[in-house]
file data19.tsv (TSV, C-alpha atoms and all ligand atoms)
chain	number	residue	atom	x	y	z
F	1	MET	CA	126.78	108.57	103.78
F	2	ALA	CA	126.76	112.23	103.00
F	3	GLU	CA	126.21	113.49	99.52
F	4	PRO	CA	129.04	114.97	97.50
F	5	CYS	CA	129.16	118.71	97.69
F	6	THR	CA	130.72	120.00	94.53
F	7	LEU	CA	128.92	119.13	91.36
F	8	THR	CA	131.05	118.22	88.43
F	9	GLY	CA	130.67	120.38	85.38
F	10	ALA	CA	129.07	123.20	87.34
F	11	PRO	CA	131.85	125.27	88.84
F	12	GLY	CA	130.90	127.22	91.88
F	13	VAL	CA	127.59	125.43	92.23
F	14	LYS	CA	127.36	123.24	95.28
F	15	LEU	CA	125.06	120.93	97.05
F	16	ILE	CA	124.30	122.29	100.45
F	17	SER	CA	123.61	119.29	102.60
F	18	TRP	CA	123.75	118.69	106.30
F	19	ARG	CA	123.24	115.01	106.08
F	20	GLY	CA	125.64	112.87	107.99
F	21	ARG	CA	124.88	109.59	109.61
F	22	GLN	CA	126.09	108.98	113.09
F	23	ALA	CA	126.81	105.33	112.66
F	24	ARG	CA	127.36	104.41	116.26
F	25	ALA	CA	126.13	105.94	119.43
F	26	GLY	CA	126.60	104.63	122.91
F	27	GLY	CA	127.82	101.32	121.55
F	28	LEU	CA	124.60	100.76	119.61
F	29	ALA	CA	124.34	101.07	115.89
F	30	ILE	CA	121.76	103.66	115.07
F	31	THR	CA	120.40	103.94	111.60
F	32	GLY	CA	118.73	107.08	110.54
F	33	ALA	CA	120.21	109.30	113.22
F	34	PHE	CA	120.88	112.50	111.38
F	35	SER	CA	122.77	115.59	112.35
F	36	MET	CA	120.46	118.51	112.63
F	37	PRO	CA	121.81	121.71	111.14
F	38	GLU	CA	122.46	124.25	113.85
F	39	ALA	CA	123.55	127.88	113.84
F	40	PRO	CA	127.05	127.25	112.38
F	41	GLU	CA	125.83	125.27	109.35
F	42	LEU	CA	122.82	127.50	108.70
F	43	GLU	CA	124.92	130.63	109.07
F	44	VAL	CA	127.33	129.39	106.39
F	45	VAL	CA	124.47	128.35	104.09
F	46	LYS	CA	122.87	131.76	104.61
F	47	ASP	CA	126.06	133.54	103.57
F	48	TYR	CA	126.52	131.14	100.66
F	49	LEU	CA	123.04	131.91	99.34
F	50	ASN	CA	123.43	135.63	99.94
F	51	GLU	CA	126.42	135.57	97.62
F	52	ARG	CA	124.75	133.54	94.88
F	53	LEU	CA	120.97	133.60	95.13
F	54	VAL	CA	120.24	137.30	95.62
F	55	GLY	CA	118.98	138.91	92.41
F	56	ARG	CA	118.12	135.62	90.71
F	57	GLU	CA	114.68	135.28	89.18
F	58	ALA	CA	112.36	132.32	89.59
F	59	VAL	CA	111.24	131.06	86.20
F	60	ALA	CA	109.23	128.02	87.35
F	61	ALA	CA	108.58	125.79	90.37
F	62	ARG	CA	107.62	122.19	90.95
F	63	VAL	CA	106.30	120.50	94.07
F	64	LEU	CA	107.38	116.85	94.02
F	65	ARG	CA	106.48	115.97	97.61
F	66	PRO	CA	103.72	118.21	98.85
F	67	SER	CA	103.75	117.00	102.48
F	68	VAL	CA	106.62	119.35	103.44
F	69	LEU	CA	105.02	122.42	101.85
F	70	ARG	CA	102.71	124.86	103.59
F	71	SER	CA	101.74	127.67	101.25
F	72	LEU	CA	99.60	130.54	102.47
F	73	GLN	CA	99.93	132.15	99.04
F	74	GLY	CA	98.21	129.66	96.80
F	75	ASP	CA	99.98	127.53	94.25
F	76	ILE	CA	103.69	128.24	94.57
F	77	ALA	CA	104.28	126.93	91.03
F	78	GLU	CA	102.18	129.76	89.65
F	79	ASP	CA	102.80	132.47	92.21
F	80	VAL	CA	106.59	132.33	92.30
F	81	VAL	CA	107.21	132.90	88.59
F	82	GLY	CA	108.87	136.23	87.87
F	83	ARG	CA	109.81	136.96	91.47
F	84	THR	CA	113.40	137.77	92.37
F	85	PHE	CA	115.25	136.53	95.45
F	86	GLY	CA	116.43	139.09	97.99
F	87	ILE	CA	118.41	138.83	101.22
F	88	VAL	CA	118.50	135.52	103.07
F	89	GLU	CA	118.16	135.70	106.84
F	90	ARG	CA	118.63	133.12	109.57
F	91	ARG	CA	116.45	133.04	112.67
F	92	GLY	CA	117.56	130.30	115.00
F	93	LYS	CA	117.19	127.08	113.05
F	94	TYR	CA	115.05	128.63	110.29
F	95	LEU	CA	116.20	130.19	107.02
F	96	LEU	CA	114.11	133.00	105.52
F	97	LEU	CA	114.54	133.51	101.77
F	98	ARG	CA	112.88	136.77	100.78
F	99	MET	CA	111.45	137.36	97.33
F	100	SER	CA	110.18	140.42	95.50
F	101	GLY	CA	106.49	141.29	95.80
F	102	ASP	CA	106.23	140.39	99.49
F	103	ARG	CA	106.95	136.68	99.49
F	104	VAL	CA	109.14	134.67	101.86
F	105	VAL	CA	110.26	131.06	101.60
F	106	VAL	CA	110.89	129.79	105.14
F	107	VAL	CA	112.88	126.58	105.49
F	108	ASN	CA	112.94	124.67	108.76
F	109	PRO	CA	115.09	121.66	107.85
F	110	LYS	CA	114.82	119.90	111.22
F	111	LEU	CA	116.68	116.57	111.16
F	112	THR	CA	116.63	115.51	107.54
F	113	GLY	CA	116.09	118.53	105.28
F	114	GLY	CA	118.57	120.53	103.26
F	115	LEU	CA	118.89	122.89	100.33
F	116	GLN	CA	120.56	122.34	97.01
F	117	PHE	CA	121.73	125.21	94.84
F	118	CYS	CA	122.74	123.38	91.72
F	119	ALA	CA	122.80	123.18	87.95
F	120	ARG	CA	119.44	122.17	86.49
F	121	LYS	CA	121.06	119.30	84.65
F	122	GLN	CA	122.08	117.77	87.99
F	123	ARG	CA	120.12	114.61	88.69
F	124	VAL	CA	117.06	115.24	90.81
F	125	TYR	CA	117.31	113.08	93.92
F	126	LYS	CA	114.34	110.94	94.84
F	127	ARG	CA	114.08	112.81	98.12
F	128	THR	CA	113.66	116.18	96.40
F	129	CYS	CA	110.50	117.90	97.61
F	130	VAL	CA	110.33	121.39	96.09
F	131	VAL	CA	112.24	122.83	93.13
F	132	ILE	CA	112.39	126.51	92.23
F	133	GLU	CA	113.94	126.91	88.80
F	134	LEU	CA	116.07	130.04	88.48
F	135	ASP	CA	117.62	131.89	85.59
F	136	ASP	CA	120.94	130.64	84.17
F	137	GLU	CA	119.81	127.00	84.31
F	138	ILE	CA	120.18	126.86	88.10
F	139	ASP	CA	117.80	125.23	90.58
F	140	LEU	CA	117.13	125.89	94.23
F	141	ARG	CA	115.91	122.56	95.59
F	142	TYR	CA	114.68	121.48	98.97
F	143	VAL	CA	115.55	117.87	99.70
F	144	ASP	CA	114.41	115.89	102.71
F	145	ASP	CA	115.00	112.17	103.23
F	146	ARG	CA	112.15	111.64	105.59
F	147	GLN	CA	110.14	114.77	105.02
F	148	MET	CA	110.59	115.81	108.62
F	149	GLY	CA	111.44	119.41	107.81
F	150	MET	CA	109.06	122.10	106.60
F	151	TYR	CA	108.99	124.51	103.67
F	152	TYR	CA	106.68	127.51	103.98
F	153	TYR	CA	105.64	129.98	101.29
F	154	VAL	CA	104.15	133.08	102.88
F	155	SER	CA	104.01	136.87	102.86
F	156	GLU	CA	105.95	138.98	105.36
F	157	SER	CA	102.88	139.50	107.57
F	158	GLN	CA	102.21	135.75	107.57
F	159	LEU	CA	105.56	134.96	109.20
F	160	ASP	CA	103.62	134.97	112.48
F	161	ASP	CA	101.80	131.89	111.21
F	162	VAL	CA	104.97	129.84	110.78
F	163	PRO	CA	104.99	127.47	113.77
F	164	GLY	CA	107.83	128.01	116.19
F	165	LEU	CA	109.45	130.89	114.32
F	166	ASP	CA	108.47	133.60	116.76
F	167	ASP	CA	108.79	131.46	119.88
F	168	GLN	CA	112.55	131.51	119.66
F	169	GLY	CA	114.79	133.38	122.05
F	170	PRO	CA	117.56	135.75	120.96
F	171	ASP	CA	120.05	134.24	118.54
F	172	VAL	CA	123.13	132.56	119.94
F	173	LEU	CA	125.35	134.85	117.86
F	174	ASP	CA	123.76	138.03	119.21
F	175	ASP	CA	125.18	139.82	122.22
F	176	GLN	CA	123.02	139.03	125.19
F	177	ASP	CA	122.61	140.66	128.53
F	178	PHE	CA	123.20	138.25	131.42
F	179	ASP	CA	120.23	139.44	133.48
F	180	ASP	CA	117.87	139.05	130.52
F	181	PHE	CA	119.26	135.56	129.89
F	182	LYS	CA	118.70	134.63	133.52
F	183	GLU	CA	115.21	136.05	133.45
F	184	ARG	CA	114.28	134.02	130.37
F	185	LEU	CA	115.67	130.87	132.01
F	186	ARG	CA	113.42	131.29	135.03
F	187	ARG	CA	110.42	129.77	133.26
F	188	PHE	CA	112.23	126.51	132.57
F	189	HIS	CA	112.89	123.91	135.22
F	190	GLY	CA	114.33	120.96	133.31
F	191	GLU	CA	117.87	119.80	132.65
F	192	ILE	CA	120.01	122.55	131.19
F	193	LYS	CA	120.80	120.65	127.98
F	194	GLY	CA	117.11	120.30	127.14
F	195	VAL	CA	116.40	123.89	128.09
F	196	LEU	CA	119.09	125.19	125.74
F	197	THR	CA	118.19	123.02	122.74
F	198	ARG	CA	114.52	124.00	122.93
F	199	GLY	CA	115.51	127.41	121.56
F	200	ARG	CA	113.28	129.53	123.77
F	201	VAL	CA	116.11	130.94	125.88
F	202	ILE	CA	118.78	131.11	123.15
F	203	SER	CA	118.06	130.06	119.57
F	204	GLY	CA	120.22	128.23	117.05
F	205	ILE	CA	121.63	125.55	119.35
F	206	GLY	CA	120.82	121.88	118.80
F	207	ASN	CA	121.83	118.52	120.15
F	208	ALA	CA	125.43	118.54	118.92
F	209	TYR	CA	126.62	122.03	119.75
F	210	VAL	CA	124.94	122.09	123.14
F	211	ASP	CA	127.31	119.28	124.17
F	212	GLU	CA	130.24	121.40	123.02
F	213	ILE	CA	128.95	124.48	124.84
F	214	LEU	CA	128.39	122.64	128.12
F	215	PHE	CA	131.79	121.00	127.82
F	216	ALA	CA	133.45	124.39	127.28
F	217	ALA	CA	131.46	125.80	130.23
F	218	LYS	CA	132.33	122.75	132.40
F	219	VAL	CA	128.70	122.18	133.25
F	220	TYR	CA	127.04	118.78	133.67
F	221	PRO	CA	124.43	118.48	130.86
F	222	PHE	CA	121.75	116.91	133.08
F	223	LYS	CA	121.97	119.49	135.84
F	224	LYS	CA	118.62	121.08	136.57
F	225	ARG	CA	118.37	124.73	135.69
F	226	LYS	CA	117.53	125.68	139.28
F	227	ALA	CA	120.69	124.03	140.58
F	228	LEU	CA	122.99	126.16	138.41
F	229	SER	CA	125.01	128.92	140.06
F	230	ASP	CA	125.36	132.40	138.59
F	231	ASP	CA	128.94	131.55	137.79
F	232	GLU	CA	127.87	128.51	135.79
F	233	LEU	CA	125.20	130.50	133.98
F	234	HIS	CA	127.76	133.15	133.07
F	235	ARG	CA	130.01	130.46	131.64
F	236	ILE	CA	127.14	128.92	129.66
F	237	LEU	CA	126.20	132.25	128.12
F	238	ASP	CA	129.79	133.18	127.27
F	239	CYS	CA	130.64	129.75	125.88
F	240	SER	CA	127.46	129.58	123.78
F	241	ARG	CA	128.52	132.43	121.59
F	242	GLN	CA	132.21	131.55	121.61
F	243	VAL	CA	131.67	127.91	120.59
F	244	ILE	CA	129.26	128.83	117.80
F	245	VAL	CA	131.49	131.62	116.46
F	246	GLU	CA	134.47	129.28	116.28
F	247	ALA	CA	132.46	126.43	114.78
F	248	THR	CA	130.97	128.71	112.13
F	249	GLU	CA	134.45	129.64	110.95
F	250	THR	CA	135.51	126.01	110.83
F	251	VAL	CA	132.38	124.97	108.93
F	252	ARG	CA	132.92	127.85	106.52
F	253	GLU	CA	136.45	126.71	105.73
F	254	ARG	CA	135.35	123.12	105.33
F	255	MET	CA	132.47	123.93	103.00
F	256	ASP	CA	134.90	125.63	100.70
F	257	GLY	CA	136.12	122.22	99.68
F	258	ALA	CA	133.55	119.55	100.31
F	259	LEU	CA	130.79	119.19	102.80
F	260	ASP	CA	131.13	115.58	103.82
F	261	ARG	CA	129.99	113.38	106.63
F	262	LYS	CA	133.02	114.28	108.72
F	263	LEU	CA	131.94	117.86	108.92
F	264	ARG	CA	131.56	117.61	112.66
F	265	ASP	CA	134.69	115.62	113.31
F	266	PHE	CA	136.27	118.74	114.80
F	267	LEU	CA	133.88	118.73	117.72
F	268	LYS	CA	135.55	118.06	121.06
F	269	VAL	CA	133.08	115.78	122.81
F	270	HIS	CA	129.84	115.33	120.87
F	271	ASN	CA	129.60	111.80	119.48
F	272	LYS	CA	133.11	111.05	120.74
F	273	GLY	CA	132.09	108.59	123.43
F	274	GLY	CA	135.02	106.44	124.60
F	275	GLU	CA	137.64	108.79	123.20
F	276	PRO	CA	139.93	110.73	125.54
F	277	CYS	CA	138.70	114.09	126.76
F	278	PRO	CA	140.81	116.78	125.06
F	279	ASP	CA	141.19	118.60	128.38
F	280	CYS	CA	141.84	115.90	130.97
F	281	GLY	CA	142.32	112.63	129.05
F	282	ASN	CA	139.48	110.85	130.85
F	283	LYS	CA	137.19	108.76	128.65
F	284	ILE	CA	134.26	110.74	127.24
F	285	SER	CA	130.90	109.40	128.41
F	286	GLN	CA	128.02	108.99	126.03
F	287	LEU	CA	124.33	108.33	126.53
F	288	THR	CA	121.59	107.90	123.98
F	289	ALA	CA	117.94	108.65	124.57
F	290	ASN	CA	115.31	108.99	121.83
F	291	LYS	CA	118.09	108.75	119.22
F	292	GLN	CA	119.66	111.83	120.77
F	293	ILE	CA	123.25	111.47	121.78
F	294	THR	CA	124.68	113.24	124.80
F	295	SER	CA	128.45	113.24	125.21
F	296	TYR	CA	130.32	114.76	128.14
F	297	CYS	CA	133.34	114.32	130.37
F	298	ARG	CA	132.53	113.05	133.86
F	299	ARG	CA	135.69	114.61	135.24
F	300	CYS	CA	135.44	118.05	133.60
F	301	GLN	CA	131.65	118.25	133.92
F	302	PRO	CA	130.91	116.51	137.24
F	303	GLY	CA	127.35	115.77	138.28
F	304	MET	CA	125.05	112.95	139.22
F	305	LEU	CA	122.63	111.34	136.81
F	306	ILE	CA	119.25	111.14	138.50
F	307	ARG	CA	116.94	108.66	136.88
F	308	ASN	CA	113.24	109.33	137.17
K	1	ZN	ZN	137.73	115.98	130.82
call {"tool": "encode", "arguments": {"input": "data19.tsv", "output": "structure tokens", "more": "lines below"}}
Ligand SMILES: [Zn+2]
result
Amino acid sequence: MAEPCTLTGAPGVKLISWRGRQARAGGLAITGAFSMPEAPELEVVKDYLNERLVGREAVAARVLRPSVLRSLQGDIAEDVVGRTFGIVERRGKYLLLRMSGDRVVVVNPKLTGGLQFCARKQRVYKRTCVVIELDDEIDLRYVDDRQMGMYYYVSESQLDDVPGLDDQGPDVLDDQDFDDFKERLRRFHGEIKGVLTRGRVISGIGNAYVDEILFAAKVYPFKKRKALSDDELHRILDCSRQVIVEATETVRERMDGALDRKLRDFLKVHNKGGEPCPDCGNKISQLTANKQITSYCRRCQPGMLIRN
């Protein structure tokens, strides 16, 4: 179950959580399958923090579960005191929280991590890993059920040392030139779904939204990159941005009330196996591999599944 979002007794202070169990996938009950935050969720969290975190001073810090923390600036509990938060930036699936005096907190939540911006009196969850105490009795906490995500504390020049951060392609929300997109794709030979979620060609897309993008583009998710026509590639590029822009607005509206486990119920195909396709009415197909769900419409996105 997802956590509640709005904390009682602390108006305007919310839990920012992306947790949401996908109880059933492909007819099999899956426990511990989490929704990874993708560009829409992280974009909204970024804006949320930019409205509330910027200008706040760190008064203390505690590391409760050190396994998620990589500090290249010594003991965060000592070093962070007295620093003030600046602008929050998103790069693909990473959030960069800048602080005064050349420090950056980089959060890569992966499948199970999330941030809490909450009143200090709020109960500290068992899965809380790092707490930065701020002025006005507010905490910025990093929580992670399975400690799969990462929390880095570095200087600006050390951002190069954060694994994966610089390997990402242009952001899905940025305008992209088709020829550049095609050129970047050339290096990858696998199925288009896997190529897109890897983040090297376009960043910010994960397992859920890629299904939505390929559905909108009418492209079979398991089609090999080489087999895609220019027309299909154009549709993929156009739909990537369009789907994420629309989803970001929906997520933004929904977070205004409560961020609950139905946050992605507005998706058209992802995790909707067996339900009618919103375009043609055919039953949505769903496969699960390595706890990753793929949902698509066989009629709208025709193709042949080739098993190796
Ligand atoms: Zn369909």
call {"tool": "atom_distance", "arguments": {"input": "data19.tsv", "atom1": "atom CA of F:Arg62", "atom2": "atom CA of F:Leu49"}}
result
20.1 Å
call {"tool": "residues_near_ligand", "arguments": {"input": "data19.tsv", "ligand": "ligand ZN 1 (chain K)", "cutoff": "8 Å", "atoms": "all atoms listed in the file", "output": "list in words"}}
result
Pro276, Cys277, Pro278, Asp279, Cys280, Gly281, Asn282, Lys283, Ile284, Tyr296, Cys297, Arg298, Arg299, Cys300 and Gln301 of chain F
call {"tool": "closest_residue", "arguments": {"input": "data19.tsv", "among": "F:Gln168, F:Ser229, F:Thr288, F:Gln242", "to": "F:Ser203", "atoms": "all atoms listed in the file"}}
result
F:Gln168
call {"tool": "atom_distance", "arguments": {"input": "data19.tsv", "atom1": "atom CA of F:Ile132", "atom2": "atom CA of F:Glu249"}}
result
29.1 Å
call {"tool": "closest_residue", "arguments": {"input": "data19.tsv", "among": "F:Asp230, F:Glu43, F:Asp238, F:Asp136", "to": "F:Ala217", "atoms": "only C-alpha atoms"}}
result
F:Asp238
call {"tool": "closest_residue", "arguments": {"input": "data19.tsv", "among": "F:Leu42, F:Asp139, F:Val130, F:Ala58", "to": "F:Asn108", "atoms": "all atoms listed in the file"}}
result
F:Leu42
call {"tool": "closest_atom_pairs", "arguments": {"input": "data19.tsv", "of": "stretch 161-244 of chain F", "to": "stretch 67-88 of chain F", "cutoff": "12 Å", "atoms": "all atoms listed in the file", "output": "Markdown table"}}
result
| residue | atom | partner | partner_atom | distance |
| --- | --- | --- | --- | --- |
| F:Asp161 | CA | F:Leu72 | CA | 9.1 |
| F:Val162 | CA | F:Arg70 | CA | 9.0 |
| F:Pro163 | CA | F:Arg70 | CA | 10.8 |
call {"tool": "write_last_selection", "arguments": {"input": "data19.tsv", "atoms": "C-alpha atoms", "output": "short mmCIF file (atom, residue, chain, number, x, y, z; two decimals), in the frame of the given file"}}
result
data_model
loop_
_atom_site.label_atom_id
_atom_site.label_comp_id
_atom_site.auth_asym_id
_atom_site.auth_seq_id
_atom_site.Cartn_x
_atom_site.Cartn_y
_atom_site.Cartn_z
CA ASP F 161 101.80 131.89 111.21
CA VAL F 162 104.97 129.84 110.78
CA PRO F 163 104.99 127.47 113.77
#
call {"tool": "axis_aligned_box", "arguments": {"input": "data19.tsv", "around": "stretch 169-177 of chain F", "padding_each_side": "4 Å", "output": "lines of an AutoDock Vina configuration file"}}
result
center_x = 120.1
center_y = 136.6
center_z = 123.2
size_x = 18.6
size_y = 16.1
size_z = 18.7
